[in-house]
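*Asks:* entry33.pdb is the file, holding PDB, C-alpha atoms:
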MODEL        1
ATOM      1  CA  MET O  23     -11.064  41.485  54.242
ATOM      2  CA  SER O  24      -9.364  38.261  55.274
ATOM      3  CA  GLU O  25     -12.273  36.236  56.609
ATOM      4  CA  ILE O  26     -13.453  32.817  55.466
ATOM      5  CA  GLU O  27     -17.122  32.633  54.433
ATOM      6  CA  GLY O  28     -18.965  30.255  52.179
ATOM      7  CA  VAL O  29     -18.052  27.053  50.395
ATOM      8  CA  ARG O  30     -15.704  28.726  47.910
ATOM      9  CA  ASP O  31     -13.434  30.089  50.611
ATOM     10  CA  VAL O  32     -13.371  26.759  52.421
ATOM     11  CA  VAL O  33     -12.292  25.000  49.212
ATOM     12  CA  ALA O  34      -9.670  27.667  48.471
ATOM     13  CA  VAL O  35      -8.184  27.574  51.963
ATOM     14  CA  GLY O  36      -8.142  23.782  51.828
ATOM     15  CA  LEU O  37      -6.152  23.913  48.592
ATOM     16  CA  LEU O  38      -3.763  26.468  50.087
ATOM     17  CA  LEU O  39      -3.221  24.274  53.151
ATOM     18  CA  ALA O  40      -2.582  21.213  50.979
ATOM     19  CA  GLY O  41       0.012  23.138  48.960
ATOM     20  CA  SER O  42       1.701  24.399  52.113
ATOM     21  CA  PHE O  43       1.813  20.851  53.457
ATOM     22  CA  LEU O  44       3.604  19.744  50.292
ATOM     23  CA  CYS O  45       6.194  22.475  50.930
ATOM     24  CA  LEU O  46       6.789  21.007  54.394
ATOM     25  CA  THR O  47       7.195  17.507  52.949
ATOM     26  CA  ALA O  48       9.772  18.871  50.517
ATOM     27  CA  GLY O  49      11.797  20.260  53.412
ATOM     28  CA  LEU O  50      11.564  16.977  55.324
ATOM     29  CA  GLY O  51      12.626  14.983  52.283
ATOM     30  CA  LEU O  52      15.539  17.303  51.567
ATOM     31  CA  VAL O  53      16.862  16.832  55.084
ATOM     32  CA  ARG O  54      16.298  13.089  55.396
ATOM     33  CA  PHE O  55      17.143  11.640  51.969
ATOM     34  CA  HIS O  56      20.569  10.324  51.039
ATOM     35  CA  ASP O  57      21.775  11.657  47.697
ATOM     36  CA  VAL O  58      21.094  14.326  45.108
ATOM     37  CA  LEU O  59      18.645  12.301  43.038
ATOM     38  CA  THR O  60      16.396  11.328  45.955
ATOM     39  CA  ARG O  61      16.528  14.883  47.269
ATOM     40  CA  MET O  62      15.400  16.094  43.857
ATOM     41  CA  HIS O  63      12.537  13.621  44.037
ATOM     42  CA  ALA O  64      11.442  15.184  47.308
ATOM     43  CA  GLY O  65      11.976  18.704  46.029
ATOM     44  CA  THR O  66       9.771  18.390  42.965
ATOM     45  CA  LYS O  67       6.619  17.876  45.009
ATOM     46  CA  PRO O  68       5.962  21.546  45.774
ATOM     47  CA  GLN O  69       7.521  22.520  42.458
ATOM     48  CA  VAL O  70       4.632  21.078  40.447
ATOM     49  CA  LEU O  71       1.701  19.862  42.544
ATOM     50  CA  GLY O  72       2.158  22.298  45.424
ATOM     51  CA  ILE O  73       2.416  25.331  43.149
ATOM     52  CA  LEU O  74      -0.613  24.159  41.160
ATOM     53  CA  LEU O  75      -2.733  23.696  44.299
ATOM     54  CA  ILE O  76      -1.706  27.069  45.694
ATOM     55  CA  MET O  77      -2.336  28.820  42.371
ATOM     56  CA  VAL O  78      -5.818  27.321  42.088
ATOM     57  CA  GLY O  79      -6.575  28.286  45.674
ATOM     58  CA  GLY O  80      -5.279  31.800  45.084
ATOM     59  CA  ALA O  81      -7.280  32.173  41.889
ATOM     60  CA  ILE O  82     -10.459  31.126  43.693
ATOM     61  CA  ARG O  83      -9.864  33.563  46.535
ATOM     62  CA  LEU O  84      -8.531  36.585  44.613
ATOM     63  CA  GLU O  85     -11.586  36.812  42.297
ATOM     64  CA  GLY O  86     -10.088  38.866  39.504
ATOM     65  CA  TRP O  87      -9.247  37.951  35.928
ATOM     66  CA  SER O  88      -5.910  39.771  35.909
ATOM     67  CA  ALA O  89      -4.707  37.925  39.023
ATOM     68  CA  THR O  90      -6.060  34.635  37.683
ATOM     69  CA  TRP O  91      -4.209  34.922  34.391
ATOM     70  CA  MET O  92      -0.991  35.823  36.136
ATOM     71  CA  LEU O  93      -1.286  32.866  38.493
ATOM     72  CA  LEU O  94      -1.938  30.638  35.489
ATOM     73  CA  LEU O  95       1.200  32.057  33.876
ATOM     74  CA  VAL O  96       3.235  31.185  36.972
ATOM     75  CA  ALA O  97       1.898  27.610  36.950
ATOM     76  CA  VAL O  98       2.693  27.212  33.238
ATOM     77  CA  PHE O  99       6.221  28.580  33.709
ATOM     78  CA  GLN O 100       6.787  26.214  36.594
ATOM     79  CA  MET O 101       5.615  23.182  34.667
ATOM     80  CA  LEU O 102       7.739  24.140  31.652
ATOM     81  CA  THR O 103      10.939  24.867  33.536
ATOM     82  CA  ALA O 104      10.935  22.251  36.326
ATOM     83  CA  PRO O 105      11.654  19.255  34.031
ATOM     84  CA  VAL O 106      14.421  21.103  32.193
ATOM     85  CA  SER O 107      16.319  22.161  35.298
ATOM     86  CA  ALA O 108      15.757  18.757  36.959
ATOM     87  CA  HIS O 109      17.168  17.032  33.884
ATOM     88  CA  MET O 110      20.280  19.178  33.828
ATOM     89  CA  VAL O 111      20.953  18.913  37.564
ATOM     90  CA  SER O 112      20.428  15.142  37.629
ATOM     91  CA  ARG O 113      22.665  14.593  34.594
ATOM     92  CA  VAL O 114      25.513  16.495  36.205
ATOM     93  CA  ALA O 115      24.861  14.712  39.511
ATOM     94  CA  TYR O 116      25.160  11.299  37.860
ATOM     95  CA  ARG O 117      28.307  12.223  36.007
ATOM     96  CA  ARG O 118      29.957  13.578  39.131
ATOM     97  CA  ARG O 119      28.920  10.399  40.965
ATOM     98  CA  HIS O 120      26.817  12.119  43.582
ATOM     99  CA  VAL O 121      24.613   9.023  43.423
ATOM    100  CA  ARG O 122      24.487   6.304  46.048
ATOM    101  CA  ARG O 123      24.952   3.390  43.639
ATOM    102  CA  ASP O 124      24.510   0.847  46.402
ATOM    103  CA  LEU O 125      20.929   2.035  46.932
ATOM    104  CA  LEU O 126      19.895   1.840  43.275
ATOM    105  CA  LEU O 127      17.812  -1.088  42.058
ATOM    106  CA  VAL O 128      18.323  -0.400  38.349
ATOM    107  CA  ASP O 129      21.127   1.713  36.917
ATOM    108  CA  GLU O 130      20.434   2.114  33.212
ATOM    109  CA  LEU O 131      23.434   4.358  32.562
ATOM    110  CA  ARG O 132      26.001   2.008  34.047
ATOM    111  CA  THR O 133      28.606   0.678  31.614
ATOM    112  CA  GLY O 134      31.142  -2.144  31.499
ATOM    113  CA  GLU O 135      31.227  -5.108  33.852
ATOM    114  CA  ALA O 136      28.677  -3.577  36.147
ATOM    115  CA  SER O 137      25.783  -3.623  33.677
ATOM    116  CA  ASP O 138      22.734  -5.811  34.203
ATOM    117  CA  ARG O 139      23.286  -9.530  33.842
ATOM    118  CA  LEU O 140      19.765 -10.821  34.409
ATOM    119  CA  TYR O 141      16.324 -10.020  33.035
ATOM    120  CA  ARG O 142      14.508  -8.438  35.918
ATOM    121  CA  GLY O 143      11.358  -7.506  34.079
ATOM    122  CA  ASP O 144      11.770  -3.734  34.106
ATOM    123  CA  GLU O 145      14.507  -3.214  31.540
ATOM    124  CA  PRO O 146      13.990  -0.390  29.039
ATOM    125  CA  ALA O 147      13.568  -1.742  25.521
ATOM    126  CA  ASP O 148      16.718  -0.057  24.244
ATOM    127  CA  ALA O 149      18.947  -1.316  27.059
ATOM    128  CA  PRO O 150      18.604  -5.097  27.359
ATOM    129  CA  PRO O 151      21.196  -7.162  29.260
ATOM    130  CA  GLU O 152      24.584  -7.526  27.628
ATOM    131  CA  ASP O 153      24.122 -11.124  26.493
ATOM    132  CA  PRO O 154      20.376 -11.725  26.065
ATOM    133  CA  ALA O 155      20.464 -15.517  25.597
ATOM    134  CA  ARG O 156      22.626 -16.158  28.645
ATOM    135  CA  ALA O 157      20.699 -13.570  30.655
ATOM    136  CA  LEU O 158      17.450 -15.431  29.950
ATOM    137  CA  VAL O 159      18.919 -18.745  31.066
ATOM    138  CA  GLU O 160      20.447 -17.219  34.183
ATOM    139  CA  SER O 161      17.337 -15.366  35.202
ATOM    140  CA  ARG O 162      15.250 -18.541  34.761
ATOM    141  CA  ARG O 163      17.776 -20.380  36.888
ATOM    142  CA  GLU O 164      17.465 -17.634  39.486
ATOM    143  CA  ASP O 165      13.695 -18.087  39.485
ATOM    144  CA  GLY O 166      14.017 -21.828  39.980
ATOM    145  CA  ASP O 167      12.561 -22.809  36.589
ATOM    146  CA  LEU O 168      15.802 -24.513  35.528
ATOM    147  CA  PRO O 169      18.046 -26.737  37.642
ATOM    148  CA  PRO O 170      21.213 -24.952  38.830
ATOM    149  CA  GLY O 171      24.504 -25.639  37.090
TER     150      GLY O 171
ATOM    151  CA  MET K  16      -6.502  36.123  61.044
ATOM    152  CA  ASN K  17      -7.456  32.790  62.461
ATOM    153  CA  ALA K  18      -5.912  29.410  63.171
ATOM    154  CA  VAL K  19      -6.019  28.252  59.547
ATOM    155  CA  PHE K  20      -3.831  31.169  58.466
ATOM    156  CA  TYR K  21      -1.277  30.418  61.146
ATOM    157  CA  ALA K  22      -1.304  26.752  60.110
ATOM    158  CA  ALA K  23      -0.508  27.609  56.484
ATOM    159  CA  TYR K  24       2.328  29.957  57.423
ATOM    160  CA  LEU K  25       3.661  27.382  59.902
ATOM    161  CA  LEU K  26       3.782  24.648  57.253
ATOM    162  CA  LEU K  27       5.526  26.941  54.767
ATOM    163  CA  GLY K  28       7.965  28.206  57.379
ATOM    164  CA  GLY K  29       8.814  24.691  58.509
ATOM    165  CA  GLY K  30       9.503  23.639  54.934
ATOM    166  CA  ALA K  31      11.675  26.709  54.342
ATOM    167  CA  LEU K  32      13.656  26.119  57.548
ATOM    168  CA  LEU K  33      14.346  22.473  56.702
ATOM    169  CA  THR K  34      15.409  23.532  53.203
ATOM    170  CA  LEU K  35      17.788  26.046  54.759
ATOM    171  CA  VAL K  36      19.260  23.235  56.867
ATOM    172  CA  ARG K  37      20.012  21.291  53.701
ATOM    173  CA  LEU K  38      21.369  24.448  52.057
ATOM    174  CA  ALA K  39      23.817  24.922  54.915
ATOM    175  CA  ARG K  40      24.807  21.264  55.358
ATOM    176  CA  GLY K  41      24.527  19.942  51.801
ATOM    177  CA  PRO K  42      27.752  18.079  51.098
ATOM    178  CA  SER K  43      27.922  18.925  47.403
ATOM    179  CA  LEU K  44      27.230  21.972  45.275
ATOM    180  CA  LEU K  45      24.361  20.170  43.559
ATOM    181  CA  ASP K  46      22.605  19.555  46.871
ATOM    182  CA  ARG K  47      22.720  23.284  47.424
ATOM    183  CA  VAL K  48      21.382  23.935  43.914
ATOM    184  CA  VAL K  49      18.419  21.647  44.580
ATOM    185  CA  ALA K  50      17.846  23.243  47.983
ATOM    186  CA  THR K  51      17.958  26.754  46.497
ATOM    187  CA  ASP K  52      15.471  25.730  43.831
ATOM    188  CA  VAL K  53      13.070  24.355  46.426
ATOM    189  CA  LEU K  54      13.580  27.400  48.646
ATOM    190  CA  LEU K  55      12.611  29.756  45.818
ATOM    191  CA  VAL K  56       9.526  27.665  45.105
ATOM    192  CA  ILE K  57       8.560  27.792  48.793
ATOM    193  CA  ILE K  58       9.077  31.568  48.809
ATOM    194  CA  SER K  59       6.830  32.025  45.794
ATOM    195  CA  ALA K  60       4.284  29.679  47.363
ATOM    196  CA  GLY K  61       4.401  31.790  50.521
ATOM    197  CA  LEU K  62       3.826  34.973  48.542
ATOM    198  CA  ALA K  63       0.872  33.370  46.779
ATOM    199  CA  VAL K  64      -0.578  32.123  50.060
ATOM    200  CA  HIS K  65      -0.218  35.585  51.567
ATOM    201  CA  ALA K  66      -1.888  37.181  48.549
ATOM    202  CA  ALA K  67      -4.726  34.668  48.677
ATOM    203  CA  LEU K  68      -5.349  34.828  52.402
ATOM    204  CA  GLU K  69      -5.305  38.640  52.537
ATOM    205  CA  ARG K  70      -7.145  39.008  49.181
ATOM    206  CA  ASP K  71      -4.359  41.341  48.121
ATOM    207  CA  PRO K  72      -3.201  40.819  44.511
ATOM    208  CA  THR K  73      -0.315  43.311  44.578
ATOM    209  CA  VAL K  74       2.415  40.674  44.986
ATOM    210  CA  VAL K  75       1.160  38.459  42.168
ATOM    211  CA  PRO K  76       3.511  39.926  39.470
ATOM    212  CA  VAL K  77       6.453  39.164  41.751
ATOM    213  CA  LEU K  78       5.571  35.477  41.524
ATOM    214  CA  VAL K  79       6.208  35.430  37.775
ATOM    215  CA  VAL K  80       9.666  36.938  38.258
ATOM    216  CA  VAL K  81      10.588  34.563  41.095
ATOM    217  CA  SER K  82       9.504  31.463  39.180
ATOM    218  CA  LEU K  83      11.611  32.472  36.167
ATOM    219  CA  LEU K  84      14.625  33.367  38.321
ATOM    220  CA  ALA K  85      14.620  29.937  39.960
ATOM    221  CA  PHE K  86      14.906  28.299  36.549
ATOM    222  CA  VAL K  87      17.707  30.558  35.330
ATOM    223  CA  GLY K  88      19.671  30.094  38.553
ATOM    224  CA  SER K  89      19.601  26.319  38.737
ATOM    225  CA  VAL K  90      20.249  25.802  35.016
ATOM    226  CA  SER K  91      23.202  28.177  34.948
ATOM    227  CA  VAL K  92      24.847  26.577  37.991
ATOM    228  CA  ALA K  93      24.275  23.092  36.568
ATOM    229  CA  ARG K  94      25.836  24.089  33.259
ATOM    230  CA  TYR K  95      28.729  25.716  35.089
ATOM    231  CA  ILE K  96      29.475  22.526  37.015
ATOM    232  CA  GLY K  97      29.010  20.430  33.872
ATOM    233  CA  GLY K  98      31.580  22.537  32.037
ATOM    234  CA  MET K  99      34.167  21.810  34.721
ATOM    235  CA  LEU K 100      33.976  18.052  34.263
ATOM    236  CA  VAL K 101      36.768  15.984  32.768
ATOM    237  CA  SER K 102      35.845  12.669  31.194
ATOM    238  CA  SER K 103      38.023   9.653  31.860
ATOM    239  CA  THR K 104      39.387   7.547  28.989
ATOM    240  CA  GLY K 105      38.074   4.204  30.240
ATOM    241  CA  ASP K 106      34.326   4.014  30.638
ATOM    242  CA  GLY K 107      33.449   7.420  29.251
ATOM    243  CA  GLN K 108      32.143   8.630  32.569
ATOM    244  CA  ASP K 109      33.398  11.814  34.099
ATOM    245  CA  VAL K 110      35.960  11.604  36.827
ATOM    246  CA  GLY K 111      35.271  14.882  38.563
ATOM    247  CA  LEU K 112      36.778  18.281  38.628
ATOM    248  CA  PRO K 113      40.088  19.142  36.966
ATOM    249  CA  LEU K 114      43.072  19.837  39.168
ATOM    250  CA  ALA K 115      43.309  23.329  40.526
ATOM    251  CA  ALA K 116      46.186  25.389  39.164
ATOM    252  CA  GLU K 117      47.996  25.471  42.496
ATOM    253  CA  GLU K 118      47.757  21.721  42.880
ATOM    254  CA  ARG K 119      49.085  21.171  39.360
ATOM    255  CA  ALA K 120      52.066  23.465  40.058
ATOM    256  CA  ALA K 121      52.773  21.630  43.320
ATOM    257  CA  ARG K 122      52.718  18.260  41.573
ATOM    258  CA  ALA K 123      55.056  19.551  38.832
ATOM    259  CA  ALA K 124      57.503  20.775  41.485
ATOM    260  CA  GLU K 125      57.243  17.376  43.177
ATOM    261  CA  GLY K 126      58.098  15.645  39.928
ATOM    262  CA  GLU K 127      61.180  17.753  39.267
ATOM    263  CA  ARG K 128      62.699  16.898  42.603
TER     264      ARG K 128
ENDMDL
END
In structure tokens, what does this structure look like?

*Replies:*
Amino acid sequence: MSEIEGVRDVVAVGLLLAGSFLCLTAGLGLVRFHDVLTRMHAGTKPQVLGILLIMVGGAIRLEGWSATWMLLLVAVFQMLTAPVSAHMVSRVAYRRRHVRRDLLLVDELRTGEASDRLYRGDEPADAPPEDPARALVESRREDGDLPPG
Amino acid sequence: MNAVFYAAYLLLGGGALLTLVRLARGPSLLDRVVATDVLLVIISAGLAVHAALERDPTVVPVLVVVSLLAFVGSVSVARYIGGMLVSSTGDGQDVGLPLAAEERAARAAEGER
């Protein structure tokens, strides 16, 4: 009943092992990372890719249309709901300041004096630096294209 | 059963144990929400792996229920925490939780004295 024979089973068990490995990486990331947002980054790996791999492996090995459709339904649910819940959790996490601001490279939601002063090349189009002309001069000065002062 | 099966269960169990560590330690409520979400995903992955390895499709309907429950749980807790927030007047960001009723009463008594 539970033996591995033929190429199909080898592929299926390989997919199952890959998905299980992603679950382990999620646990490692949850323990080792610093704040809520990075932990969410680690946690979404089995939520999308791991579940997809395991569902494909299960569909190959179960060999029945009813099981296949139900596994497909699970994968679709997961891909629909994971972004929504991640969005809500991360929004609340940012507002409650569960974010290590000192580890962030770009903080697009920051307001007031702490907003970006220089062009760094990865600004979103709708959130340029506060004073674009001065930011351009200052970032060129930072790069060494203009003399300081 | 052979070594491959044990390897899959070992990987899943290790992931679930580490997630439980974060669930117990997690400094904030949101860490625990994330950990619970991941734990439910690992549980459903474990059920699917069991079903696939044993060629036994009886637990497959349970997967649908578990995947929907994870969503409902994390969204409702996130909305619950979001509803408790108070926004500050200055920069429009939220300052945290409102004062508890006991603390407010204690501060009022302090002020009267």

*Asks:* Can you turn the PyMOL selection byres ((chain K and resi 58-61) around 7) into a concrete residue list for this file, as a compact mmCIF listing (two decimals) with C-alpha atoms, keeping the file's coordinate frame?

*Replies:*
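Heads up, here's the output in out_5.txt:
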# COMPACT_ATOMS: atom_id res chain seq x y z
CA ILE O 73 2.42 25.33 43.15
CA ILE O 76 -1.71 27.07 45.69
CA LEU K 27 5.53 26.94 54.77
CA LEU K 54 13.58 27.40 48.65
CA LEU K 55 12.61 29.76 45.82
CA VAL K 56 9.53 27.66 45.10
CA ILE K 57 8.56 27.79 48.79
CA LEU K 62 3.83 34.97 48.54
CA ALA K 63 0.87 33.37 46.78
CA VAL K 64 -0.58 32.12 50.06
CA HIS K 65 -0.22 35.58 51.57
CA LEU K 78 5.57 35.48 41.52
CA VAL K 81 10.59 34.56 41.10

*Asks:* State, in Å with one decimal place, the distance from CA of Ala89 (chain O) to CA of Leu68 (chain K).

*Replies:*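 A separation of 13.7 Å between them.
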
*Asks:* Mind pulling up the distance from CA of Val35 (chain O) to CA of Ala22 (chain K)?

*Replies:*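 Computed distance, CA of Ala22 (chain K) to CA of Val35 (chain O), equals 10.7 Å.
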
*Asks:* At a cut-off of 6 Å, list the chain O residues touching chain K, using all atoms listed in the file, as a VMD selection string.

*Replies:* chain O and resid 24 39 42 to 43 45 to 46 49 53 58 65 80 83 to 84 96 107 111 114 117 to 118

*Asks:* Select, counting all atoms listed in the file, all protein, DNA and RNA residues no farther than 12 Å from (22.5, 2.4, 47.4) in file coordinates, and express the selection as a VMD selection string.

*Replies:* chain O and resid 55 to 57 59 to 60 120 to 129

*Asks:* When you look at Leu71 (chain O) with a cut-off of 8 Å (counting only C-alpha atoms), what residues show up, excluding the ones that are within fewer than 3 positions of it in the same chain? I need them as a VMD selection string.

*Replies:* chain O and resid 41 44 67 to 68 74 to 75

*Asks:* Assuming the chain letters and numbering stay as they are in my file, what does the PyMOL selection byres ((chain O and resi 101-104) around 8) actually select? List them as a PyMOL selection string.

*Replies:* (chain O and resi 66+69-70+97-100+105-108) or (chain K and resi 86)

*Asks:* So what do you get for CA of Ile26 (chain O) versus CA of Ile82 (chain O), distance-wise?

*Replies:*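 We find that CA of Ile26 (chain O) and CA of Ile82 (chain O) lie 12.3 Å from each other.
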
*Asks:* O:Val33, O:Arg54, O:Met77, O:Tyr116: which is nearest Trp91 (chain O), counting only C-alpha atoms?

*Replies:*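 Counting only C-alpha atoms, the residue closest to Trp91 (chain O) is O:Met77.
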